[in-house]
Structures are given as C-alpha cells and as structure tokens.
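Shown next: my_file.cif, given as mmCIF, C-alpha atoms.
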```
data_protein
loop_
_atom_site.label_atom_id
_atom_site.label_comp_id
_atom_site.auth_asym_id
_atom_site.auth_seq_id
_atom_site.Cartn_x
_atom_site.Cartn_y
_atom_site.Cartn_z
CA MET B 16 0.00 0.00 0.00
CA ARG B 17 1.37 3.41 -1.03
CA GLU B 18 0.12 6.84 0.02
CA THR B 19 1.10 9.98 -1.88
CA PRO B 20 0.16 13.56 -0.92
CA LEU B 21 -1.05 15.57 -3.92
CA ILE B 22 -1.98 19.17 -4.68
CA PHE B 23 -4.52 19.84 -7.42
CA GLY B 24 -7.35 22.13 -8.53
CA HIS B 25 -7.31 25.10 -10.90
CA GLU B 26 -5.28 27.14 -8.37
CA SER B 27 -3.43 24.18 -6.81
CA HIS B 28 -5.51 24.88 -3.72
CA LEU B 29 -6.80 21.38 -2.94
CA VAL B 30 -4.83 18.83 -0.92
CA GLY B 31 -5.44 15.10 -1.02
CA ILE B 32 -3.90 11.70 -0.35
CA LEU B 33 -3.76 9.13 -3.13
CA CYS B 34 -3.86 5.61 -1.68
CA GLU B 35 -2.77 2.82 -4.05
CA PRO B 36 -2.18 -0.92 -3.88
CA ASP B 37 1.41 -2.19 -3.97
CA GLU B 38 0.68 -3.60 -7.42
CA PRO B 39 -0.84 -1.16 -9.94
CA ALA B 40 -4.63 -1.06 -9.66
CA ARG B 41 -6.46 -2.84 -12.46
CA GLN B 42 -7.81 -0.25 -14.89
CA GLU B 43 -11.10 -2.11 -15.34
CA ARG B 44 -11.83 -1.39 -11.69
CA PRO B 45 -13.07 2.04 -10.55
CA ALA B 46 -11.11 4.13 -8.07
CA LEU B 47 -12.74 5.44 -4.89
CA LEU B 48 -13.27 9.11 -4.13
CA PHE B 49 -13.91 10.00 -0.46
CA LEU B 50 -16.05 13.03 0.35
CA ASN B 51 -15.84 15.01 3.59
CA ALA B 52 -18.31 14.29 6.40
CA GLY B 53 -19.75 17.28 8.22
CA LEU B 54 -16.95 19.44 9.62
CA GLU B 55 -14.38 16.65 9.36
CA HIS B 56 -11.52 16.88 6.89
CA ARG B 57 -10.18 14.06 4.72
CA VAL B 58 -9.32 11.58 7.51
CA GLY B 59 -13.02 11.15 8.26
CA PRO B 60 -14.60 10.89 11.72
CA ARG B 61 -12.32 8.87 14.01
CA GLY B 62 -10.13 8.13 10.99
CA LEU B 63 -12.85 6.17 9.16
CA SER B 64 -11.85 7.32 5.67
CA VAL B 65 -8.21 6.43 6.29
CA ALA B 66 -9.09 2.95 7.58
CA VAL B 67 -11.40 2.22 4.64
CA ALA B 68 -8.96 3.58 2.04
CA ARG B 69 -6.07 1.47 3.32
CA ALA B 70 -8.21 -1.68 3.45
CA LEU B 71 -9.36 -0.97 -0.11
CA ALA B 72 -5.75 -0.64 -1.24
CA ASP B 73 -4.97 -4.04 0.27
CA ALA B 74 -7.93 -5.38 -1.76
CA GLY B 75 -6.60 -3.83 -4.99
CA PHE B 76 -8.56 -0.57 -5.19
CA ALA B 77 -6.98 2.89 -5.48
CA SER B 78 -8.61 5.88 -3.79
CA LEU B 79 -8.31 9.60 -3.19
CA ARG B 80 -9.39 11.40 -0.03
CA PHE B 81 -9.13 15.17 -0.15
CA ASP B 82 -10.04 18.26 1.83
CA TYR B 83 -12.81 20.45 0.48
CA ALA B 84 -11.75 24.03 -0.25
CA GLY B 85 -11.43 25.92 3.02
CA MET B 86 -11.20 22.75 5.14
CA GLY B 87 -8.19 20.90 6.51
CA GLU B 88 -5.15 21.74 4.39
CA SER B 89 -7.08 22.96 1.34
CA ARG B 90 -7.47 26.71 0.94
CA LYS B 91 -10.21 28.71 -0.70
CA PRO B 92 -9.32 29.71 -4.29
CA GLN B 93 -8.77 33.39 -4.97
CA SER B 94 -10.82 33.12 -8.17
CA PRO B 95 -13.50 30.49 -7.55
CA LEU B 96 -15.10 28.86 -10.56
CA ALA B 97 -18.51 28.75 -8.87
CA VAL B 98 -20.47 30.94 -6.47
CA GLU B 99 -22.76 28.46 -4.71
CA ARG B 100 -21.17 25.85 -2.45
CA ARG B 101 -22.96 22.97 -4.19
CA ASP B 102 -21.59 24.12 -7.57
CA GLU B 103 -18.14 24.58 -6.02
CA LEU B 104 -18.32 20.97 -4.80
CA GLN B 105 -19.01 19.80 -8.35
CA VAL B 106 -15.92 21.65 -9.58
CA GLU B 107 -13.73 20.17 -6.83
CA CYS B 108 -14.96 16.62 -7.43
CA ALA B 109 -14.50 16.97 -11.19
CA ALA B 110 -10.87 17.96 -10.54
CA ALA B 111 -10.44 15.01 -8.16
CA ILE B 112 -11.91 12.59 -10.71
CA GLU B 113 -9.59 13.94 -13.40
CA LEU B 114 -6.63 13.52 -11.03
CA LEU B 115 -7.57 9.88 -10.41
CA HIS B 116 -7.84 9.30 -14.14
CA GLU B 117 -4.38 10.78 -14.72
CA ARG B 118 -2.62 9.05 -11.82
CA VAL B 119 -4.37 5.67 -11.73
CA GLY B 120 -5.71 5.29 -15.26
CA CYS B 121 -9.26 4.52 -14.14
CA SER B 122 -12.10 5.64 -16.36
CA ARG B 123 -14.76 5.63 -13.64
CA VAL B 124 -15.01 6.25 -9.90
CA VAL B 125 -17.09 5.18 -6.91
CA LEU B 126 -18.01 7.88 -4.39
CA PHE B 127 -17.83 7.23 -0.63
CA GLY B 128 -19.67 9.50 1.79
CA LEU B 129 -20.84 9.42 5.40
CA CYS B 130 -23.73 11.60 6.61
CA SER B 131 -23.44 14.96 4.78
CA GLY B 132 -20.76 13.33 2.63
CA ALA B 133 -23.42 10.82 1.53
CA ASP B 134 -25.70 13.71 0.55
CA ASP B 135 -22.81 15.31 -1.36
CA ALA B 136 -22.15 12.00 -3.11
CA HIS B 137 -25.79 11.86 -4.23
CA HIS B 138 -25.56 15.24 -5.96
CA VAL B 139 -22.14 14.56 -7.47
CA ALA B 140 -23.29 11.18 -8.79
CA LEU B 141 -26.23 12.82 -10.56
CA SER B 142 -23.97 15.38 -12.24
CA GLN B 143 -20.74 13.50 -13.03
CA SER B 144 -20.94 10.89 -15.79
CA ALA B 145 -17.70 9.28 -14.59
CA VAL B 146 -19.43 8.01 -11.44
CA ALA B 147 -19.97 4.24 -11.63
CA GLY B 148 -21.06 3.67 -8.04
CA MET B 149 -21.96 5.36 -4.79
CA ILE B 150 -21.43 4.24 -1.19
CA GLN B 151 -23.65 6.07 1.28
CA ILE B 152 -23.16 5.55 5.01
CA ASP B 153 -26.01 6.87 7.19
CA GLY B 154 -27.26 8.85 4.23
CA HIS B 155 -30.60 8.98 2.46
CA ALA B 156 -33.61 6.83 3.25
CA ALA B 157 -37.41 6.96 3.06
CA ILE B 158 -40.10 6.19 5.63
CA THR B 159 -42.31 3.10 5.29
CA ALA B 160 -45.29 1.76 7.27
CA GLY B 161 -42.92 -0.91 8.63
CA PHE B 162 -40.61 1.82 9.91
CA LYS B 163 -43.47 3.57 11.71
CA TRP B 164 -44.68 0.45 13.51
CA ARG B 165 -41.16 -0.49 14.58
CA TYR B 166 -40.42 3.05 15.69
CA ILE B 167 -43.51 3.18 17.91
CA ALA B 168 -42.79 -0.27 19.37
CA GLN B 169 -39.17 0.63 20.11
CA ARG B 170 -40.15 3.90 21.77
CA LEU B 171 -42.78 2.28 23.95
CA SER B 172 -40.46 -0.53 25.03
CA SER B 173 -37.54 1.76 25.87
CA PRO B 174 -36.82 2.01 29.61
CA ARG B 175 -34.93 5.21 28.96
CA ARG B 176 -38.00 6.79 27.35
CA TRP B 177 -40.14 5.99 30.40
CA GLN B 178 -37.41 7.31 32.68
CA ASN B 179 -37.32 10.56 30.68
CA TRP B 180 -41.12 10.86 30.95
CA PHE B 181 -41.01 10.29 34.71
CA GLU B 182 -38.29 12.92 35.15
CA ARG B 183 -40.20 15.45 33.04
CA LYS B 184 -43.43 14.72 34.89
CA PHE B 185 -42.09 14.92 38.41
CA GLY B 186 -38.88 16.86 37.83
CA ALA B 187 -35.78 16.24 39.86
CA PRO B 188 -33.48 19.19 40.68
CA GLY B 189 -30.85 19.74 38.02
CA ASP B 190 -32.60 17.61 35.39
CA ALA B 191 -32.11 20.32 32.78
CA ASP B 192 -28.37 19.90 33.08
CA HIS B 193 -28.63 16.40 31.65
CA ALA B 194 -30.38 17.29 28.40
CA VAL B 195 -29.07 15.32 25.43
CA ILE B 196 -29.22 16.30 21.78
CA GLU B 197 -30.08 13.05 19.99
CA ARG B 198 -29.06 14.12 16.51
CA ILE B 199 -27.90 17.10 14.51
CA ASP B 200 -28.97 17.40 10.88
CA PHE B 201 -26.06 18.10 8.54
CA PHE B 202 -28.10 17.70 5.35
CA GLU B 203 -31.67 17.95 4.13
CA MET B 204 -33.23 14.57 3.44
CA PRO B 205 -34.84 14.45 -0.02
CA ASP B 206 -38.52 13.59 -0.08
CA ARG B 207 -39.48 10.09 -1.17
CA ASP B 208 -40.55 11.04 -4.72
CA THR B 209 -37.37 13.05 -5.35
CA LEU B 210 -35.24 10.18 -4.06
CA ALA B 211 -37.11 7.70 -6.27
CA ARG B 212 -36.63 9.90 -9.33
CA ASP B 213 -32.93 10.45 -8.65
CA LEU B 214 -32.17 6.78 -8.04
CA SER B 215 -34.09 5.83 -11.19
CA THR B 216 -31.82 8.21 -13.09
CA LEU B 217 -28.69 6.65 -11.58
CA VAL B 218 -29.85 3.08 -12.21
CA ALA B 219 -30.61 3.97 -15.84
CA ARG B 220 -26.95 5.03 -16.09
CA ASP B 221 -25.92 1.67 -14.58
CA VAL B 222 -24.63 3.28 -11.37
CA ARG B 223 -24.32 0.73 -8.55
CA LEU B 224 -25.58 1.76 -5.11
CA PHE B 225 -24.42 0.68 -1.64
CA TYR B 226 -26.40 2.05 1.31
CA ALA B 227 -25.32 1.18 4.87
CA TYR B 228 -27.07 2.28 8.05
CA SER B 229 -25.87 2.24 11.65
CA GLY B 230 -28.00 2.16 14.78
CA ALA B 231 -27.73 5.95 14.91
CA THR B 232 -30.30 6.22 12.11
CA HIS B 233 -33.15 4.95 14.31
CA GLY B 234 -35.00 8.23 13.70
CA TYR B 235 -35.47 7.47 9.99
CA TYR B 236 -34.23 3.92 9.29
CA ASN B 237 -34.78 0.91 11.55
CA HIS B 238 -34.97 -2.34 9.57
CA ALA B 239 -33.07 -4.12 6.80
CA GLY B 240 -34.53 -3.59 3.35
CA GLN B 241 -36.41 -0.42 4.30
CA LEU B 242 -35.04 1.64 1.39
CA ARG B 243 -35.94 -0.97 -1.22
CA ASN B 244 -39.40 -1.37 0.31
CA ALA B 245 -39.94 2.40 0.27
CA LEU B 246 -39.01 2.50 -3.42
CA ALA B 247 -40.84 -0.67 -4.44
CA ASP B 248 -42.42 1.02 -7.45
CA ILE B 249 -39.07 1.59 -9.20
CA GLU B 250 -36.86 -1.13 -10.64
CA LEU B 251 -33.66 -1.22 -8.59
CA GLY B 252 -32.75 -4.86 -9.22
CA ASP B 253 -29.15 -5.76 -8.44
CA HIS B 254 -28.09 -2.12 -8.56
CA LEU B 255 -29.01 -1.56 -4.90
CA HIS B 256 -27.28 -3.22 -1.97
CA GLU B 257 -28.57 -2.39 1.51
CA GLN B 258 -26.66 -3.11 4.73
CA PHE B 259 -28.08 -2.59 8.24
CA LEU B 260 -25.60 -2.60 11.13
CA PRO B 261 -27.76 -1.64 14.15
CA SER B 262 -25.03 -2.31 16.73
CA ALA B 263 -22.72 0.28 15.14
CA ASP B 264 -22.57 3.94 16.10
CA HIS B 265 -22.61 6.76 13.55
CA THR B 266 -18.83 6.87 13.05
CA PHE B 267 -18.28 3.10 13.33
CA SER B 268 -15.85 3.79 16.14
CA ARG B 269 -15.78 0.22 17.47
CA ASN B 270 -13.39 -2.01 15.57
CA ALA B 271 -15.75 -4.98 15.14
CA GLU B 272 -18.48 -2.91 13.44
CA ARG B 273 -15.92 -0.97 11.41
CA MET B 274 -14.45 -4.21 10.07
CA ARG B 275 -17.93 -5.52 9.21
CA LEU B 276 -18.58 -2.35 7.22
CA ILE B 277 -15.22 -2.51 5.44
CA GLU B 278 -15.66 -6.19 4.57
CA ALA B 279 -19.14 -5.51 3.19
CA VAL B 280 -17.86 -2.61 1.07
CA ILE B 281 -14.98 -4.67 -0.34
CA ALA B 282 -17.25 -7.63 -1.12
CA TRP B 283 -19.69 -5.31 -2.91
CA LEU B 284 -16.90 -3.74 -4.96
CA GLN B 285 -15.38 -7.07 -5.90
CA SER B 286 -18.72 -8.53 -6.97
CA GLY B 287 -19.65 -5.43 -8.96
CA TRP B 288 -16.31 -5.06 -10.72
CA PRO B 289 -14.69 -8.52 -10.88
CA VAL B 290 -11.26 -8.89 -12.43
CA ALA B 291 -10.95 -11.36 -15.29
CA GLU B 292 -8.21 -13.92 -14.70
#
```

Spit out the file's structure as structure tokens when you get a sec.
Amino acid sequence: MRETPLIFGHESHLVGILCEPDEPARQERPALLFLNAGLEHRVGPRGLSVAVARALADAGFASLRFDYAGMGESRKPQSPLAVERRDELQVECAAAIELLHERVGCSRVVLFGLCSGADDAHHVALSQSAVAGMIQIDGHAAITAGFKWRYIAQRLSSPRRWQNWFERKFGAPGDADHAVIERIDFFEMPDRDTLARDLSTLVARDVRLFYAYSGATHGYYNHAGQLRNALADIELGDHLHEQFLPSADHTFSRNAERMRLIEAVIAWLQSGWPVAE
C-alpha cells in the first residue's frame, strides 16, 4: 500500500492523499473518491476514511481522499469557478476525478460518503458521468409503514424513554443539566418522490448503489430492506445493496463494526467489478 500527498485544482488549492495498492490497480476497476463528512476533513470521523482507504488498497482498489476548499489543508481559491457551495463541490470533485484518471488510469469512480458526505455523493453522482457507483453511510432513506410500527414499538419498550417521561413529569433538581441532543442534521433529506426519481436516473446510467445504516439512524431507518421497500415502485434490481448494522454507532468507532462495514464494502466492490483472470 502506497500513500502519496497531492496538490490539485485550478489554483493548486486542494490537498489530497492518493492511496494505491502495492501492485498497480487494475484499470477495469473504478477508483474510490472519499467526500468530507460534516466538519471533518479528509481523515473522516475517528479516521474512518483512512481505515477504509487502506483496506481498499490491500484489496486492490486505489482511492483519493481530499479536503474540500477551506477545510483541513485545502485553501479557498482566490478566483472560484462557482459561487454556490454545491456548484463549487461539483468543480472540486470533477478535478479530483480527473486527477484519479491521470494518476491511476481509471475511467470511472465510486463515491464514498458518510452523513453529509453521503448527501454530497448523491448530488455529485447525478452530475458527473464518470461516477460508476456510490457508497452512502447513514445517508438517504425513506419512511415506510414498517418503519413507523417499529419506531412506535421501540419507543414504547424503551426504559430510557419511560425514565425521561417520569423525570419530566415529576422533575428532579438539576434535570435540565442532563439534556441530550439526539441528533444534529447536517443535510436535508430528499422527499421520497425526489429520491425515487434520482435513483431511477442513476440506475438507468448503470450506477451501482451501496447504502449502509448504523444504529444511529433509528430516527429514519430501523430495519433491513427499508429503502428498497420504500421505493418498491421503481426497478432497482441488483443495482441496490442495503446493509443494516444496528449495533454500530454513527462513526463506526468500534473495531468490530468498522471491520464488518469494510468487509461488506470490499465484497460489494469485488462482486460489482470482478477482475478477469
């Protein structure tokens, strides 16, 4: 496994790390492009992007993880090519894809994004024809009747919920000091019809989709197969792979769950882009 720091972009303002296998990556396989999650730079939360990239290199896949402009080691360009942040992201990812093509020889890429990075991957995939696949971790989903029933049952059976109700009802001194924010939204979830339309567009382009969900998504995803069930009226076929890892936290900080995620990603990549002997 080799890692090479690179500077790229129209003003040489973007900084990234190219991660490659010891043997040259097979050109029939796509390279991976990691997108930033929330306020994290290219290492990913708790080093997730680094761990995944290095495991991918051991499995024969090259990748690039880079800092968005103005984050980490990347600076804002003096003469930006776009005004809106979403358009600026498209410009940065186009430059990253071109860099992968030049350095690795791949013709197509797979995007990897966690949380807001998953939302970014969705928009980049729709706009960039070089995208062959997308890996979303704790990204988009849609509500189903099955989700609602499970959500209600889980809430009613939660000892913590009843404890919270008791404390609110009868109030112990200092209770307010123990308030917990359950989740912070770093992206706007697309509505079900928009998601269905967008994924139909990607499937028509033969883009492969990997969606993984941790236990932290209990507010909008709580059972395996929920996304496919929610989009049952569109033909997803083998293009969609769904993985539910309810014991994992949002950043896959525990090694066992992180390895399960990495192994699932590698297996999906190898089955989608096998190498002819």

Which polymer residues have any atom within 9 Å of an atom of B:Leu224, counting all atoms listed in the file, with same-chain residues fewer than 5 positions away left out, as a PyMOL selection string? chain B and resi 147-151+214+217-218+253-257

Tell me which protein, DNA and RNA residues are within 9 Å of stretch 268-279 of chain B, counting all atoms listed in the file, leaving out same-chain ones fewer than 5 positions away, and put them as a list in words. Pro60, Arg61, Gly62, Leu63, Ala66, Val67, Ala70, Leu71, Ala227, Gln258, Leu260, Ser262, Ala263 and Leu284 of chain B

Using C-alpha atoms, can you write the selected residues to a file as a short mmCIF file (atom, residue, chain, number, x, y, z; two decimals), in the frame of the given file?
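That gives us part34.cif:
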```cif
data_model
loop_
_atom_site.label_atom_id
_atom_site.label_comp_id
_atom_site.auth_asym_id
_atom_site.auth_seq_id
_atom_site.Cartn_x
_atom_site.Cartn_y
_atom_site.Cartn_z
CA PRO B 60 -14.60 10.89 11.72
CA ARG B 61 -12.32 8.87 14.01
CA GLY B 62 -10.13 8.13 10.99
CA LEU B 63 -12.85 6.17 9.16
CA ALA B 66 -9.09 2.95 7.58
CA VAL B 67 -11.40 2.22 4.64
CA ALA B 70 -8.21 -1.68 3.45
CA LEU B 71 -9.36 -0.97 -0.11
CA ALA B 227 -25.32 1.18 4.87
CA GLN B 258 -26.66 -3.11 4.73
CA LEU B 260 -25.60 -2.60 11.13
CA SER B 262 -25.03 -2.31 16.73
CA ALA B 263 -22.72 0.28 15.14
CA LEU B 284 -16.90 -3.74 -4.96
#
```

Restricting the calculation to all atoms listed in the file: of B:Ala160, B:Leu129, B:Ala168, B:Met86, which residue gets closest to B:Phe225?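 Distance minimum relative to B:Phe225 lands on B:Leu129.
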
Counting all atoms listed in the file, the residue of B:Asp82, B:Glu18, B:Glu117, B:Glu55 that sits nearest B:Arg69: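 Closest to B:Arg69, using all atoms listed in the file: B:Glu18.
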
Run the PyMOL selection byres ((chain B and resi 139-146) around 12) on the file and write out the hits as a PyMOL selection string. chain B and resi 45-50+101-113+115-116+121-128+132-138+147-151+210+212-224

May I have the selected residues written with C-alpha atoms, as an mmCIF file, in the coordinates of the input?
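Contents of the output file selection22.cif:
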```
data_model
loop_
_atom_site.group_PDB
_atom_site.id
_atom_site.type_symbol
_atom_site.label_atom_id
_atom_site.label_comp_id
_atom_site.auth_asym_id
_atom_site.auth_seq_id
_atom_site.Cartn_x
_atom_site.Cartn_y
_atom_site.Cartn_z
ATOM 1 C CA PRO B 45 -13.070 2.040 -10.550
ATOM 2 C CA ALA B 46 -11.110 4.130 -8.070
ATOM 3 C CA LEU B 47 -12.740 5.440 -4.890
ATOM 4 C CA LEU B 48 -13.270 9.110 -4.130
ATOM 5 C CA PHE B 49 -13.910 10.000 -0.460
ATOM 6 C CA LEU B 50 -16.050 13.030 0.350
ATOM 7 C CA ARG B 101 -22.960 22.970 -4.190
ATOM 8 C CA ASP B 102 -21.590 24.120 -7.570
ATOM 9 C CA GLU B 103 -18.140 24.580 -6.020
ATOM 10 C CA LEU B 104 -18.320 20.970 -4.800
ATOM 11 C CA GLN B 105 -19.010 19.800 -8.350
ATOM 12 C CA VAL B 106 -15.920 21.650 -9.580
ATOM 13 C CA GLU B 107 -13.730 20.170 -6.830
ATOM 14 C CA CYS B 108 -14.960 16.620 -7.430
ATOM 15 C CA ALA B 109 -14.500 16.970 -11.190
ATOM 16 C CA ALA B 110 -10.870 17.960 -10.540
ATOM 17 C CA ALA B 111 -10.440 15.010 -8.160
ATOM 18 C CA ILE B 112 -11.910 12.590 -10.710
ATOM 19 C CA GLU B 113 -9.590 13.940 -13.400
ATOM 20 C CA LEU B 115 -7.570 9.880 -10.410
ATOM 21 C CA HIS B 116 -7.840 9.300 -14.140
ATOM 22 C CA CYS B 121 -9.260 4.520 -14.140
ATOM 23 C CA SER B 122 -12.100 5.640 -16.360
ATOM 24 C CA ARG B 123 -14.760 5.630 -13.640
ATOM 25 C CA VAL B 124 -15.010 6.250 -9.900
ATOM 26 C CA VAL B 125 -17.090 5.180 -6.910
ATOM 27 C CA LEU B 126 -18.010 7.880 -4.390
ATOM 28 C CA PHE B 127 -17.830 7.230 -0.630
ATOM 29 C CA GLY B 128 -19.670 9.500 1.790
ATOM 30 C CA GLY B 132 -20.760 13.330 2.630
ATOM 31 C CA ALA B 133 -23.420 10.820 1.530
ATOM 32 C CA ASP B 134 -25.700 13.710 0.550
ATOM 33 C CA ASP B 135 -22.810 15.310 -1.360
ATOM 34 C CA ALA B 136 -22.150 12.000 -3.110
ATOM 35 C CA HIS B 137 -25.790 11.860 -4.230
ATOM 36 C CA HIS B 138 -25.560 15.240 -5.960
ATOM 37 C CA ALA B 147 -19.970 4.240 -11.630
ATOM 38 C CA GLY B 148 -21.060 3.670 -8.040
ATOM 39 C CA MET B 149 -21.960 5.360 -4.790
ATOM 40 C CA ILE B 150 -21.430 4.240 -1.190
ATOM 41 C CA GLN B 151 -23.650 6.070 1.280
ATOM 42 C CA LEU B 210 -35.240 10.180 -4.060
ATOM 43 C CA ARG B 212 -36.630 9.900 -9.330
ATOM 44 C CA ASP B 213 -32.930 10.450 -8.650
ATOM 45 C CA LEU B 214 -32.170 6.780 -8.040
ATOM 46 C CA SER B 215 -34.090 5.830 -11.190
ATOM 47 C CA THR B 216 -31.820 8.210 -13.090
ATOM 48 C CA LEU B 217 -28.690 6.650 -11.580
ATOM 49 C CA VAL B 218 -29.850 3.080 -12.210
ATOM 50 C CA ALA B 219 -30.610 3.970 -15.840
ATOM 51 C CA ARG B 220 -26.950 5.030 -16.090
ATOM 52 C CA ASP B 221 -25.920 1.670 -14.580
ATOM 53 C CA VAL B 222 -24.630 3.280 -11.370
ATOM 54 C CA ARG B 223 -24.320 0.730 -8.550
ATOM 55 C CA LEU B 224 -25.580 1.760 -5.110
#
```

Distance of atom CA of B:Arg118 from atom CA of B:Trp288, expressed in Å to one decimal place: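 Separation between atom CA of B:Trp288 and atom CA of B:Arg118: 19.7 Å.
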
Could you tell me which residues the PyMOL selection byres ((chain B and resi 27) around 12) returns for this structure, as a VMD selection string? chain B and resid 21 to 26 28 to 31 84 88 to 95 107 110 to 111 114

Given the file shown, determine the residues that the PyMOL selection byres ((chain B and resi 233-244) around 7) selects; report them as a VMD selection string. chain B and resid 156 to 159 162 230 to 232 245 to 247 257 to 259
